[in-house]
Structure formats: structure tokens, C-alpha cells
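Undergrad: Sharing final.cif here; it has mmCIF, C-alpha atoms.
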data_target
#
loop_
_atom_site.label_atom_id
_atom_site.label_comp_id
_atom_site.auth_asym_id
_atom_site.auth_seq_id
_atom_site.Cartn_x
_atom_site.Cartn_y
_atom_site.Cartn_z
CA MET Y 1 41.60 60.88 13.89
CA LYS Y 2 41.69 61.61 17.64
CA LYS Y 3 37.90 61.32 17.80
CA LEU Y 4 38.01 57.94 16.03
CA LEU Y 5 40.69 56.70 18.44
CA TYR Y 6 38.61 57.92 21.41
CA TYR Y 7 35.50 56.04 20.27
CA SER Y 8 37.53 52.90 19.58
CA VAL Y 9 39.03 52.92 23.07
CA MET Y 10 35.67 53.62 24.68
CA SER Y 11 34.08 50.77 22.72
CA LEU Y 12 36.72 48.36 23.97
CA ILE Y 13 36.21 49.49 27.58
CA ILE Y 14 32.42 49.15 27.37
CA PHE Y 15 32.74 45.71 25.75
CA ALA Y 16 35.10 44.59 28.52
CA LEU Y 17 32.74 45.82 31.24
CA ILE Y 18 29.77 44.08 29.63
CA SER Y 19 31.77 40.87 29.30
CA CYS Y 20 32.81 40.94 32.94
CA ALA Y 21 29.24 41.52 34.07
CA SER Y 22 27.73 38.78 31.93
CA PRO Y 23 25.41 36.64 34.06
CA GLU Y 24 26.22 33.61 31.90
CA GLN Y 25 29.75 33.42 33.27
CA THR Y 26 29.90 30.87 36.06
CA PRO Y 27 33.03 30.81 38.22
CA GLU Y 28 34.98 27.62 38.73
CA PRO Y 29 34.44 25.99 42.14
CA SER Y 30 36.76 27.49 44.71
CA SER Y 31 39.79 25.38 45.58
CA GLU Y 32 39.73 26.81 49.10
CA VAL Y 33 38.27 24.53 51.73
CA SER Y 34 35.59 26.53 53.52
CA ILE Y 35 33.93 23.57 55.25
CA PRO Y 36 36.05 22.83 58.36
CA VAL Y 37 37.05 19.30 57.38
CA ASP Y 38 39.75 19.05 60.06
CA GLU Y 39 37.30 20.04 62.80
CA ILE Y 40 34.71 17.54 61.56
CA PHE Y 41 37.22 14.69 61.39
CA ASP Y 42 38.46 15.50 64.89
CA TYR Y 43 34.90 15.12 66.14
CA ALA Y 44 34.36 12.00 64.04
CA ALA Y 45 37.47 10.46 65.58
CA GLN Y 46 36.02 10.94 69.07
CA GLN Y 47 32.72 9.38 68.02
CA LEU Y 48 34.31 6.42 66.24
CA ALA Y 49 36.59 5.74 69.20
CA LYS Y 50 33.59 5.63 71.54
CA SER Y 51 31.71 3.47 69.03
CA ALA Y 52 34.58 0.99 68.74
CA ALA Y 53 34.69 0.77 72.53
CA GLN Y 54 30.96 0.00 72.68
CA VAL Y 55 31.13 -2.66 69.94
CA GLN Y 56 34.46 -3.99 71.10
CA ASP Y 57 34.44 -7.55 69.85
CA GLY Y 58 34.39 -6.75 66.13
CA GLU Y 59 31.76 -9.43 65.63
CA THR Y 60 28.68 -7.22 65.69
CA PHE Y 61 28.22 -4.22 63.45
CA PRO Y 62 26.68 -0.79 64.13
CA PHE Y 63 23.48 0.02 62.24
CA TYR Y 64 21.50 2.85 63.91
CA THR Y 65 21.62 4.62 67.26
CA ASP Y 66 19.05 4.07 69.98
CA LYS Y 67 17.09 7.28 70.55
CA GLU Y 68 17.17 6.87 74.33
CA THR Y 69 20.75 5.74 75.01
CA GLY Y 70 22.53 7.03 71.90
CA GLU Y 71 24.35 3.69 71.61
CA TRP Y 72 24.51 1.65 68.45
CA VAL Y 73 21.93 -1.01 67.72
CA THR Y 74 23.99 -3.72 66.05
CA MET Y 75 23.50 -6.50 63.52
CA ASP Y 76 25.58 -9.51 62.52
CA ASP Y 77 27.84 -9.68 59.48
CA SER Y 78 25.10 -10.97 57.18
CA TRP Y 79 23.15 -7.70 57.51
CA TRP Y 80 23.37 -5.65 54.31
CA ALA Y 81 24.95 -2.64 56.05
CA SER Y 82 27.61 -4.57 57.98
CA GLY Y 83 30.53 -3.23 55.92
CA PHE Y 84 29.99 0.46 56.59
CA PHE Y 85 31.54 0.66 60.06
CA ALA Y 86 34.79 -0.83 58.79
CA GLY Y 87 34.53 1.67 55.95
CA CYS Y 88 34.31 4.57 58.41
CA LEU Y 89 37.41 3.29 60.18
CA TRP Y 90 39.34 2.94 56.91
CA LEU Y 91 38.41 6.51 55.95
CA MET Y 92 39.64 7.71 59.33
CA TYR Y 93 42.90 5.87 58.72
CA GLU Y 94 43.17 7.48 55.28
CA TYR Y 95 42.68 10.91 56.81
CA THR Y 96 45.02 10.55 59.79
CA GLY Y 97 47.58 7.92 58.76
CA ASP Y 98 47.30 6.65 62.35
CA GLU Y 99 48.03 2.91 62.60
CA THR Y 100 45.50 2.56 65.42
CA TRP Y 101 42.69 3.28 62.99
CA LYS Y 102 44.18 0.84 60.51
CA GLN Y 103 44.13 -1.91 63.14
CA HIS Y 104 40.54 -1.14 64.14
CA ALA Y 105 39.51 -1.16 60.48
CA ALA Y 106 41.29 -4.45 59.81
CA ASN Y 107 39.60 -6.08 62.81
CA TRP Y 108 36.10 -5.25 61.62
CA THR Y 109 36.97 -6.06 58.00
CA ASN Y 110 38.54 -9.44 58.66
CA SER Y 111 35.71 -10.54 60.93
CA MET Y 112 33.30 -10.49 57.99
CA GLU Y 113 35.42 -12.35 55.45
CA ASN Y 114 33.00 -15.28 55.46
CA GLN Y 115 30.57 -13.04 53.57
CA LYS Y 116 32.67 -13.43 50.41
CA THR Y 117 30.74 -16.60 49.54
CA ASN Y 118 27.29 -15.25 50.41
CA THR Y 119 25.17 -15.66 47.29
CA SER Y 120 21.80 -15.23 49.00
CA ASP Y 121 21.25 -11.66 47.77
CA ALA Y 122 22.94 -8.84 45.89
CA ASP Y 123 23.83 -6.93 49.07
CA ILE Y 124 27.25 -8.56 49.12
CA GLY Y 125 28.30 -5.41 47.28
CA TYR Y 126 27.43 -3.23 50.25
CA ARG Y 127 29.14 -5.62 52.65
CA ILE Y 128 32.39 -6.01 50.73
CA VAL Y 129 33.03 -2.77 48.80
CA ASN Y 130 32.88 -0.49 51.85
CA SER Y 131 35.17 -2.76 53.85
CA PHE Y 132 37.49 -4.87 51.68
CA TRP Y 133 37.75 -2.43 48.78
CA GLN Y 134 38.71 0.41 51.11
CA ALA Y 135 41.16 -1.96 52.79
CA TYR Y 136 42.79 -2.93 49.49
CA ARG Y 137 42.78 0.62 48.15
CA LEU Y 138 44.70 1.85 51.18
CA THR Y 139 47.04 -1.11 51.83
CA LYS Y 140 47.40 -3.02 48.51
CA ASP Y 141 47.37 -6.22 50.56
CA ASP Y 142 46.80 -9.17 48.19
CA HIS Y 143 44.61 -10.93 50.73
CA TYR Y 144 42.03 -8.16 50.44
CA LYS Y 145 42.29 -8.33 46.65
CA ASN Y 146 41.58 -12.05 46.65
CA VAL Y 147 38.52 -11.57 48.85
CA LEU Y 148 37.25 -8.90 46.45
CA ILE Y 149 37.64 -11.18 43.44
CA GLU Y 150 35.90 -14.10 45.12
CA SER Y 151 33.10 -11.82 46.33
CA ALA Y 152 32.58 -10.43 42.83
CA GLY Y 153 32.12 -13.98 41.60
CA SER Y 154 29.51 -14.57 44.27
CA LEU Y 155 27.57 -11.50 43.15
CA ALA Y 156 27.91 -12.51 39.49
CA SER Y 157 26.28 -15.85 40.29
CA ARG Y 158 22.99 -13.96 40.64
CA TYR Y 159 23.21 -12.58 37.09
CA SER Y 160 20.73 -13.70 34.43
CA ASP Y 161 22.14 -13.90 30.91
CA LYS Y 162 18.58 -14.06 29.64
CA ILE Y 163 17.59 -10.58 30.78
CA GLY Y 164 20.95 -8.96 31.57
CA CYS Y 165 20.40 -8.22 35.25
CA VAL Y 166 21.52 -9.25 38.73
CA LYS Y 167 18.61 -10.50 40.82
CA ALA Y 168 18.42 -8.48 44.02
CA TYR Y 169 16.56 -10.86 46.32
CA ASP Y 170 14.73 -14.17 46.36
CA MET Y 171 11.36 -13.09 47.71
CA GLU Y 172 7.96 -14.63 47.08
CA GLN Y 173 6.28 -11.34 46.20
CA TRP Y 174 8.59 -10.76 43.22
CA LYS Y 175 9.79 -12.86 40.30
CA PHE Y 176 13.04 -11.00 39.45
CA PRO Y 177 13.49 -7.73 41.36
CA ILE Y 178 16.11 -5.08 40.65
CA LEU Y 179 16.57 -1.98 42.83
CA ILE Y 180 17.77 1.55 42.05
CA ASP Y 181 19.86 1.49 45.24
CA HIS Y 182 21.59 -1.71 44.11
CA MET Y 183 23.53 0.31 41.57
CA MET Y 184 25.88 0.66 44.54
CA ASN Y 185 26.29 -3.11 44.73
CA ILE Y 186 27.17 -3.47 41.05
CA GLU Y 187 30.50 -1.71 41.66
CA LEU Y 188 31.81 -4.96 43.15
CA MET Y 189 31.75 -6.68 39.74
CA PHE Y 190 33.65 -3.79 38.16
CA ILE Y 191 36.23 -4.01 40.95
CA GLY Y 192 36.59 -7.78 40.71
CA SER Y 193 37.07 -7.63 36.95
CA ASN Y 194 39.63 -4.82 37.21
CA LEU Y 195 41.64 -6.76 39.80
CA GLY Y 196 42.10 -9.78 37.55
CA GLY Y 197 38.81 -11.62 37.94
CA ASN Y 198 36.56 -12.69 35.10
CA PRO Y 199 36.39 -9.88 32.48
CA VAL Y 200 32.79 -10.91 31.76
CA TRP Y 201 31.82 -9.45 35.14
CA LYS Y 202 32.35 -5.96 33.73
CA THR Y 203 29.97 -6.73 30.86
CA MET Y 204 27.42 -8.07 33.34
CA ALA Y 205 27.69 -4.90 35.42
CA GLU Y 206 27.27 -2.71 32.33
CA ASN Y 207 24.24 -4.68 31.14
CA HIS Y 208 22.63 -4.45 34.56
CA SER Y 209 23.22 -0.69 34.57
CA ILE Y 210 21.63 -0.33 31.11
CA ASN Y 211 18.53 -2.18 32.26
CA THR Y 212 18.32 -0.16 35.47
CA VAL Y 213 18.29 3.04 33.40
CA ARG Y 214 15.56 1.51 31.25
CA THR Y 215 13.30 0.43 34.09
CA CYS Y 216 14.00 2.44 37.26
CA ILE Y 217 14.25 6.06 36.07
CA ARG Y 218 11.06 7.95 35.28
CA GLU Y 219 10.75 10.68 32.67
CA ASP Y 220 10.73 13.40 35.35
CA GLY Y 221 14.04 12.15 36.79
CA SER Y 222 12.59 10.48 39.87
CA SER Y 223 13.30 6.82 40.49
CA VAL Y 224 11.38 3.66 41.31
CA GLN Y 225 13.04 1.74 44.12
CA VAL Y 226 11.97 -1.81 43.19
CA VAL Y 227 11.13 -2.99 39.69
CA ASP Y 228 9.98 -6.58 39.28
CA LEU Y 229 10.95 -8.05 35.90
CA ASP Y 230 9.72 -11.02 33.94
CA PRO Y 231 12.61 -13.50 34.28
CA GLU Y 232 12.07 -14.71 30.71
CA THR Y 233 11.64 -11.44 28.82
CA GLY Y 234 12.92 -8.67 31.12
CA GLU Y 235 9.65 -6.77 30.76
CA VAL Y 236 8.42 -4.75 33.74
CA LEU Y 237 5.80 -6.56 35.80
CA LYS Y 238 5.46 -4.24 38.78
CA HIS Y 239 6.74 -1.12 40.51
CA ASP Y 240 7.20 -1.52 44.26
CA THR Y 241 9.32 -0.43 47.23
CA LEU Y 242 11.06 -1.80 50.31
CA CYS Y 243 12.00 1.47 51.97
CA GLY Y 244 10.01 4.25 50.31
CA LEU Y 245 6.38 5.33 50.56
CA SER Y 246 5.15 3.28 47.59
CA GLY Y 247 6.04 1.99 44.15
CA ASP Y 248 4.89 5.34 42.75
CA SER Y 249 6.91 7.51 45.14
CA ALA Y 250 10.50 8.74 45.05
CA TRP Y 251 12.50 7.48 48.01
CA ALA Y 252 15.28 9.99 48.69
CA ARG Y 253 18.17 7.68 49.61
CA GLY Y 254 17.50 5.44 46.62
CA GLN Y 255 17.67 8.53 44.42
CA GLY Y 256 21.08 9.38 45.90
CA GLU Y 257 22.36 5.83 45.53
CA GLY Y 258 21.32 5.91 41.89
CA ILE Y 259 23.33 9.10 41.34
CA TYR Y 260 26.43 7.55 42.87
CA GLY Y 261 25.96 4.16 41.20
CA PHE Y 262 25.56 5.57 37.70
CA ALA Y 263 28.57 7.83 38.20
CA ILE Y 264 30.58 4.69 39.00
CA ALA Y 265 29.13 2.90 35.95
CA TYR Y 266 30.17 5.83 33.76
CA ARG Y 267 33.64 5.90 35.30
CA GLU Y 268 34.14 2.21 34.56
CA THR Y 269 32.61 2.00 31.07
CA LYS Y 270 32.68 5.54 29.63
CA ASN Y 271 29.13 4.85 28.45
CA HIS Y 272 27.77 8.39 28.31
CA ASP Y 273 24.21 7.20 28.95
CA PHE Y 274 25.22 6.47 32.54
CA LEU Y 275 26.49 10.00 33.13
CA GLU Y 276 23.25 11.34 31.68
CA ALA Y 277 21.29 9.07 34.01
CA ALA Y 278 23.26 10.32 37.02
CA LYS Y 279 22.64 13.93 35.99
CA LYS Y 280 18.92 13.33 35.45
CA LEU Y 281 18.57 11.81 38.92
CA ALA Y 282 20.69 14.62 40.40
CA ASP Y 283 18.59 17.35 38.78
CA TYR Y 284 15.42 15.90 40.30
CA PHE Y 285 17.07 15.57 43.72
CA ILE Y 286 18.41 19.14 43.72
CA GLU Y 287 15.19 20.70 42.38
CA ASN Y 288 13.11 19.05 45.11
CA LEU Y 289 15.29 19.89 48.11
CA PRO Y 290 13.93 22.06 50.92
CA ASP Y 291 15.72 25.25 51.90
CA ASP Y 292 18.30 23.54 54.12
CA HIS Y 293 19.41 21.15 51.33
CA VAL Y 294 18.60 17.97 53.30
CA PRO Y 295 15.70 16.00 51.80
CA PHE Y 296 12.56 14.67 53.32
CA TRP Y 297 12.73 10.88 53.46
CA ASP Y 298 10.54 10.48 50.35
CA PHE Y 299 10.14 13.27 47.82
CA LYS Y 300 6.52 12.33 47.11
CA ASP Y 301 5.21 12.00 50.66
CA PRO Y 302 1.96 14.03 50.59
CA ALA Y 303 2.47 15.09 54.22
CA ILE Y 304 5.56 17.20 53.37
CA PRO Y 305 6.74 19.36 55.15
CA ASN Y 306 5.51 17.56 58.26
CA VAL Y 307 7.62 14.45 57.71
CA ILE Y 308 11.05 13.24 58.77
CA ARG Y 309 14.27 14.17 56.98
CA ASP Y 310 16.96 11.78 55.81
CA ALA Y 311 20.46 13.08 56.43
CA SER Y 312 21.86 9.77 55.14
CA ALA Y 313 20.26 10.47 51.75
CA ALA Y 314 21.91 13.89 51.85
CA SER Y 315 25.38 12.52 52.61
CA MET Y 316 25.01 9.78 50.00
CA THR Y 317 23.99 12.32 47.37
CA ALA Y 318 26.79 14.74 48.23
CA ASP Y 319 29.26 11.86 47.88
CA GLY Y 320 27.74 10.85 44.55
CA LEU Y 321 27.65 14.40 43.19
CA LEU Y 322 31.33 14.89 43.97
CA GLU Y 323 32.16 11.56 42.32
CA MET Y 324 30.18 12.69 39.28
CA CYS Y 325 31.98 16.05 39.20
CA SER Y 326 35.35 14.30 39.14
CA LEU Y 327 34.33 12.70 35.83
CA MET Y 328 32.95 15.82 34.13
CA ALA Y 329 34.66 18.47 32.03
CA PRO Y 330 35.11 21.92 33.62
CA GLY Y 331 32.24 24.29 33.05
CA PRO Y 332 28.97 25.67 34.42
CA GLU Y 333 27.24 22.27 34.52
CA ARG Y 334 29.95 20.71 36.66
CA ASP Y 335 30.00 23.80 38.88
CA LYS Y 336 26.26 23.42 39.46
CA TYR Y 337 26.64 19.89 40.83
CA TRP Y 338 29.76 20.75 42.83
CA ASN Y 339 28.02 23.70 44.48
CA ALA Y 340 24.95 21.58 45.24
CA ALA Y 341 27.18 19.04 47.00
CA VAL Y 342 28.86 21.81 48.99
CA ASP Y 343 25.49 23.23 50.02
CA ILE Y 344 24.48 19.79 51.33
CA LEU Y 345 27.74 19.28 53.24
CA GLU Y 346 27.55 22.75 54.78
CA SER Y 347 24.03 22.09 56.00
CA LEU Y 348 24.98 18.69 57.43
CA TYR Y 349 27.87 20.34 59.27
CA LYS Y 350 25.86 23.26 60.61
CA ASN Y 351 22.51 21.65 61.31
CA TYR Y 352 22.75 17.86 61.51
CA MET Y 353 25.85 16.82 63.43
CA THR Y 354 25.32 14.99 66.72
CA LYS Y 355 27.20 17.51 68.89
CA GLY Y 356 25.25 18.17 72.06
CA THR Y 357 23.38 14.85 71.89
CA ASN Y 358 24.15 11.43 73.36
CA SER Y 359 24.32 9.76 69.93
CA LEU Y 360 27.53 7.87 69.11
CA GLY Y 361 26.96 8.68 65.45
CA ILE Y 362 28.40 11.63 63.55
CA ILE Y 363 25.32 13.04 61.83
CA ASN Y 364 21.77 12.90 63.12
CA HIS Y 365 18.25 12.87 61.65
CA ALA Y 366 18.96 10.08 59.20
CA SER Y 367 16.15 7.66 58.41
CA PHE Y 368 16.33 4.08 57.23
CA GLN Y 369 12.68 4.00 56.17
CA GLY Y 370 9.52 5.83 57.26
CA LYS Y 371 8.86 7.40 60.65
CA ASP Y 372 7.46 4.22 62.22
CA ALA Y 373 10.26 1.89 61.09
CA MET Y 374 13.49 1.03 62.86
CA GLY Y 375 16.26 3.55 62.39
CA ALA Y 376 13.93 6.50 61.80
CA ASP Y 377 15.33 9.95 62.64
CA THR Y 378 18.55 8.64 64.20
CA SER Y 379 22.21 8.27 63.27
CA LEU Y 380 22.79 5.60 60.62
CA VAL Y 381 26.22 4.09 60.01
CA PHE Y 382 26.01 4.52 56.23
CA GLY Y 383 25.05 8.16 56.65
CA ASP Y 384 28.25 8.69 58.62
CA TYR Y 385 30.29 6.73 56.08
CA ASN Y 386 29.17 8.78 53.09
CA PHE Y 387 29.57 12.03 55.04
CA LEU Y 388 33.23 11.22 55.72
CA SER Y 389 33.74 9.96 52.16
CA ALA Y 390 32.25 13.14 50.68
CA LEU Y 391 34.37 15.36 52.95
CA LEU Y 392 37.53 13.64 51.73
CA LYS Y 393 36.48 14.17 48.11
CA TYR Y 394 35.66 17.79 48.89
CA LYS Y 395 39.03 18.39 50.50
CA ARG Y 396 40.86 16.87 47.51
CA GLY Y 397 38.92 19.16 45.17
CA LEU Y 398 38.65 18.72 41.42
#
Please, can you express the file's structure as C-alpha cells?

TA:
Amino acid sequence: MKKLLYYSVMSLIIFALISCASPEQTPEPSSEVSIPVDEIFDYAAQQLAKSAAQVQDGETFPFYTDKETGEWVTMDDSWWASGFFAGCLWLMYEYTGDETWKQHAANWTNSMENQKTNTSDADIGYRIVNSFWQAYRLTKDDHYKNVLIESAGSLASRYSDKIGCVKAYDMEQWKFPILIDHMMNIELMFIGSNLGGNPVWKTMAENHSINTVRTCIREDGSSVQVVDLDPETGEVLKHDTLCGLSGDSAWARGQGEGIYGFAIAYRETKNHDFLEAAKKLADYFIENLPDDHVPFWDFKDPAIPNVIRDASAASMTADGLLEMCSLMAPGPERDKYWNAAVDILESLYKNYMTKGTNSLGIINHASFQGKDAMGADTSLVFGDYNFLSALLKYKRGL
């Protein structure tokens, strides 16, 4: 009897040891903040204060930093990226609660209100979501809500009932283009509908997302930036690009914007196909990262590794991965994406911040397009915006 009891106890101990050592057990993401978010935001506050002083009238908008002077090259409010600087200021206000940041943010937000009726392209989403949505989210001011609703209607005016898509641009080289990166713009129609606008806008946004999955995501998980559609049938006419290497390549920032955009589409519709699309894009992005977790500007550039990086693609993707994680059930799959986002943020903090340079940006070595285009290997305002946004998500945890 004693021998039987001995073997029973030993069996339980061995089973417990084997269970504890199982390589299939993946720990939950740590709730401890190991990335020094406070330190980063302190530095970001210094940079944003200097930036606001340089662009002091609130009527021009930072885009990328000049490599010689470090100062911002600016655009007017019609430029697609005009809303990101206000977005940075709103995120700083969210982090600090300091009314000075709120006033700065309101100045740059209000000065672009005329964009609410801009129906010339689909980039109204970029302009308005990062400025007016952040403003409304943090203040609940009805004025901001009304601007959001009117802006959503302007974006919806570019929707084709015939093919179920929002037309990105009116350009002679394309009949009806849609872009993987414009999944970020589509959020505006979800927001407008949720705030009391036309409920049909949500259906439009979902249809556009379905057709973007159908046409912009390749079997291997890479994405086409521009797909030109037949305006009568919705069939694919051409693969092309505005910012990447070619219509056959995989532009890194567009890949990241697709991850974030489909996470938003899943959040708003609970259509599981959108979460699967985000994960498919994310898997390709993660699998093709270099050792420091910050991508080359285009994953299919044949000159890799002797090409420029894109830290803005990294910050966008980290932000999108954390958004995606917030929508997933606990488990090893979610942990994988969380840890990938943390790896990217850690690398941006350690290797890509502008400390020790004359740049007024927060992170460096971002690239708008290829090495010979404007904004190549500099600080880009949207790279800074998504870096701050991702850090706030990281600090909140899951």
C-alpha cells in the first residue's frame, strides 16, 4: 500500500513538473510598464512646445522635418496629413491634463474646420479623425461632434452604391481607385454614424472594407497600395502605387494602416473577416521585419538591406496591433501581437528617437515615400502621432 501511495505521489509531481515546463504555455502580457512612457512623454512635450512655437499661427501644419535645420516643413489645411499635429497636441493633453495643451490643440483643430465640406478626395478622414475626433473624445463638446457628422457626410458623398466603395481620388490615370491605407479614412463614416448621422454611412464603411479585403490583400498577406476598379462592375483593372515601389510591391506604411483600419472595421461591425484580415496583414508585417523591428520602407525592395527604414510605418503598426489586441480574447495569439507591438515600441524608443539631433520631431528615420522623395528619412508628423497613441494604449494595457 505504501509503495502504491509513493508511486501515485511521484506521478503527480512528475506530471506537475512536465505541465509547468510545457513550451506550449504562453504567458499573458505583463501589466508592468517597462517602456519608460513618462520619460518619452516628457521629451515629446519639449519637442511639441518647440514645434508649436515654430508654427505659431496655427494656419500651417507640420509635415516633415528639414534635414538641415530640423524645423518642420509645413503644408496648408487641405494637405492630407494636416490633422496629425492637432492630434499630437490632443494626445499630450490626454496624458498631462494640462489646459495649455488643450488650448494649443483647439487652436490647430479649429483652424481647419473648413475642411469639413471638402469632398475632393477621401483624405478628409485623415484630416478630421485625428483632430476633431480626438477633440470630441476628450471634451464632449457638441461643436466638434457636429463637425464630425458633417465631415462624415462629405466622405460618404464619394461612395458608389454600384460597387460598394469610396473613391479615393479623381485622377486621370485611374477610373475608380481604392487604397489599402484609406482604411484609416473609413473610420470617419463609422464615427459620424455612431454620433447620430446617417446610419447608412456605417453600411457604406462596411461594404468598402469588404471590397478592400477582396482586392487589396494578397494570398501571402502582403497588400497592394492602389487598386483601380471598374466603376460599373467593381472588377480589378490595375494594381498600382502612390508611395510604394510598384503595384507589385508591399509598401510598409500601407501595410500598417491596413492592420489598424481593419481592426477598427472589426470593432465597429463585429464582422470576423475584418479581424482575420488585420491578422493576415500583421503576420506578414511581423515575419518580414529586420532584427530591430523597424521595417524597410517597402518590404519588396530588391535592394534590401541597403534601403531606408520607415519608423512611421513601425509606429503605425504598433498602434494598430495594440488596437487589435484590445479586441481579441486572451490567449497565445493575442500575446504574440502584443509582444510584437512592444518590440517595435522598445526599438523606436532605444534607436529612433530624435534625442541628440536638431529635429523638432519625436522619432527619426521615418519615410513618406522612397529615398529620393520629400520626407525621406526624416521625422514625419504622423509617425510621431502614432508613436504617442501607441504608448498611451500600451500604458493602459489590456

Undergrad: Excluding stretch 34-38 of chain Y and residues on its chain fewer than 4 positions from it, collect all residues at most 7 Å away from it, counting all atoms listed in the file, and give them as a VMD selection string.

TA: chain Y and resid 42 346 391

Undergrad: Residues at most 12 Å from Y:Gly370, counting all atoms listed in the file, excluding those fewer than 6 positions away in the same chain, as an MDAnalysis selection string?

TA: chainID Y and resid 241:246 251:253 296:298 301 307:310 376:378

Undergrad: Evaluated on this file, the PyMOL selection byres ((chain Y and resi 165-172) around 10) picks out some residues - which ones are they, written as an MDAnalysis selection string?

TA: chainID Y and resid 119:123 155:164 173:179 182 185:186 204:212 226 228:229 231 234

Undergrad: Contacts of Y:Leu188 at 8 Å or less, counting only C-alpha atoms, minus same-chain residues fewer than 6 places along, as a PyMOL selection string?

TA: chain Y and resi 125+128-129+148+151-152+155

Undergrad: Atom CA of Y:Ala373 to atom CA of Y:Gln47: how many Å, to one decimal?

TA: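 Atom-to-atom, atom CA of Y:Ala373 to atom CA of Y:Gln47, that is 24.7 Å.
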
Undergrad: Taking all atoms of stretch 140-153 of chain Y that appear in the file, build a box with edges along x, y and z, extend it by 4 Å on every side, and state its centre and edge lengths in Å to one decimal, as lines of an AutoDock Vina configuration file.

TA:
center_x = 39.8
center_y = -8.6
center_z = 46.2
size_x = 23.3
size_y = 19.1
size_z = 17.1

Undergrad: Translate the PyMOL selection byres ((chain Y and resi 351) around 10) into a concrete residue list for this structure, as a ChimeraX atom specification.

TA: /Y:292,294,345-350,352-355,363-365

Undergrad: Store the residues of this selection in a file with C-alpha atoms, as a CSV table (one decimal), in the coordinates of the input.

TA:
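Below is the file selection_18.csv, written as the result:
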chain,number,residue,atom,x,y,z
Y,292,ASP,CA,18.3,23.5,54.1
Y,294,VAL,CA,18.6,18.0,53.3
Y,345,LEU,CA,27.7,19.3,53.2
Y,346,GLU,CA,27.6,22.8,54.8
Y,347,SER,CA,24.0,22.1,56.0
Y,348,LEU,CA,25.0,18.7,57.4
Y,349,TYR,CA,27.9,20.3,59.3
Y,350,LYS,CA,25.9,23.3,60.6
Y,352,TYR,CA,22.8,17.9,61.5
Y,353,MET,CA,25.8,16.8,63.4
Y,354,THR,CA,25.3,15.0,66.7
Y,355,LYS,CA,27.2,17.5,68.9
Y,363,ILE,CA,25.3,13.0,61.8
Y,364,ASN,CA,21.8,12.9,63.1
Y,365,HIS,CA,18.2,12.9,61.6

Undergrad: Can you list, as a PyMOL selection string, the residues that the PyMOL selection byres ((chain Y and resi 264) around 9) selects here?

TA: chain Y and resi 183-184+187+259-263+265-269+274-275+320+323-324

Undergrad: Between Y:Ser223, Y:Asn339, Y:Asn271, Y:Ser367, which one has atoms that come closest to Y:Tyr284, using all atoms listed in the file?

TA: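 Going through Y:Ser223, Y:Asn339, Y:Asn271, Y:Ser367 one by one, the smallest distance to Y:Tyr284 is for Y:Ser223.
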
Undergrad: Mind giving me the straight-line distance from atom CA of Y:Gly397 to atom CA of Y:Val342 in Å, one decimal?

TA: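 Going from atom CA of Y:Gly397 over to atom CA of Y:Val342 covers 11.1 Å.
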
Undergrad: Between atom CA of Y:Thr233 and atom CA of Y:Ile180, what distance in Å does the model show, to one decimal?

TA: 19.5 Å

Undergrad: Just checking: using all atoms listed in the file, which residue out of Y:Pro305, Y:Gly70, Y:Gly192, Y:Gly58 ends up closest to Y:Gly356?

TA: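 Comparing Y:Pro305, Y:Gly70, Y:Gly192, Y:Gly58 against Y:Gly356, the winner is Y:Gly70.
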
Undergrad: Using all atoms listed in the file for the distances, tell me which of Y:Gly197, Y:Gly361, Y:Gly247, Y:Gly258 is nearest to Y:Ala278.

TA: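 Looking only at the distances to Y:Ala278, the closest residue turns out to be Y:Gly258.
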
Undergrad: Show me the residues close to (41.7, -10.0, 47.6) - anything with an atom within 10 Å, counting only C-alpha atoms - and format the list as a PyMOL selection string.

TA: chain Y and resi 132-133+135-136+140-151+192+195

Undergrad: Set the distance at 9 Å and use all atoms listed in the file: which residues neighbour stretch 96-101 of chain Y once local chain neighbours fewer than 6 positions away are removed? I'd like the list as a PyMOL selection string.

TA: chain Y and resi 41+89-90

Undergrad: Take the point (42.1, 2.9, 60.3) as written in the file and pick out every residue within 12 Å of it, counting all atoms listed in the file; give the list as a ChimeraX atom specification.

TA: /Y:45,48-49,52,85-109,131,134-135,138-139

Undergrad: Have stretch 184-196 of chain Y completed to N, CA and C atoms, please, and pass it along as a PDB file, in the coordinates of the input.

TA:
ATOM      1  N   MET Y 184      24.693   0.620  43.686  1.00  0.00           N
ATOM      2  CA  MET Y 184      25.880   0.660  44.540  1.00  0.00           C
ATOM      3  C   MET Y 184      26.535  -0.704  44.659  1.00  0.00           C
ATOM      4  N   ASN Y 185      25.737  -1.765  44.631  1.00  0.00           N
ATOM      5  CA  ASN Y 185      26.290  -3.110  44.730  1.00  0.00           C
ATOM      6  C   ASN Y 185      27.055  -3.530  43.488  1.00  0.00           C
ATOM      7  N   ILE Y 186      26.612  -3.048  42.333  1.00  0.00           N
ATOM      8  CA  ILE Y 186      27.170  -3.470  41.050  1.00  0.00           C
ATOM      9  C   ILE Y 186      28.651  -3.100  40.939  1.00  0.00           C
ATOM     10  N   GLU Y 187      29.082  -2.097  41.696  1.00  0.00           N
ATOM     11  CA  GLU Y 187      30.500  -1.710  41.660  1.00  0.00           C
ATOM     12  C   GLU Y 187      31.413  -2.884  41.953  1.00  0.00           C
ATOM     13  N   LEU Y 188      30.961  -3.827  42.781  1.00  0.00           N
ATOM     14  CA  LEU Y 188      31.810  -4.960  43.150  1.00  0.00           C
ATOM     15  C   LEU Y 188      32.244  -5.766  41.927  1.00  0.00           C
ATOM     16  N   MET Y 189      31.368  -5.922  40.940  1.00  0.00           N
ATOM     17  CA  MET Y 189      31.750  -6.680  39.740  1.00  0.00           C
ATOM     18  C   MET Y 189      32.745  -5.914  38.889  1.00  0.00           C
ATOM     19  N   PHE Y 190      32.624  -4.590  38.839  1.00  0.00           N
ATOM     20  CA  PHE Y 190      33.650  -3.790  38.160  1.00  0.00           C
ATOM     21  C   PHE Y 190      34.999  -3.961  38.854  1.00  0.00           C
ATOM     22  N   ILE Y 191      34.997  -3.884  40.179  1.00  0.00           N
ATOM     23  CA  ILE Y 191      36.230  -4.010  40.950  1.00  0.00           C
ATOM     24  C   ILE Y 191      36.862  -5.376  40.728  1.00  0.00           C
ATOM     25  N   GLY Y 192      36.068  -6.437  40.870  1.00  0.00           N
ATOM     26  CA  GLY Y 192      36.590  -7.780  40.710  1.00  0.00           C
ATOM     27  C   GLY Y 192      37.198  -8.004  39.340  1.00  0.00           C
ATOM     28  N   SER Y 193      36.541  -7.501  38.309  1.00  0.00           N
ATOM     29  CA  SER Y 193      37.070  -7.630  36.950  1.00  0.00           C
ATOM     30  C   SER Y 193      38.369  -6.861  36.795  1.00  0.00           C
ATOM     31  N   ASN Y 194      38.423  -5.639  37.317  1.00  0.00           N
ATOM     32  CA  ASN Y 194      39.630  -4.820  37.210  1.00  0.00           C
ATOM     33  C   ASN Y 194      40.825  -5.425  37.930  1.00  0.00           C
ATOM     34  N   LEU Y 195      40.555  -6.192  39.002  1.00  0.00           N
ATOM     35  CA  LEU Y 195      41.640  -6.760  39.800  1.00  0.00           C
ATOM     36  C   LEU Y 195      42.137  -8.105  39.268  1.00  0.00           C
ATOM     37  N   GLY Y 196      41.619  -8.538  38.138  1.00  0.00           N
ATOM     38  CA  GLY Y 196      42.100  -9.780  37.550  1.00  0.00           C
ATOM     39  C   GLY Y 196      41.089 -10.904  37.541  1.00  0.00           C
TER      40      GLY Y 196
END
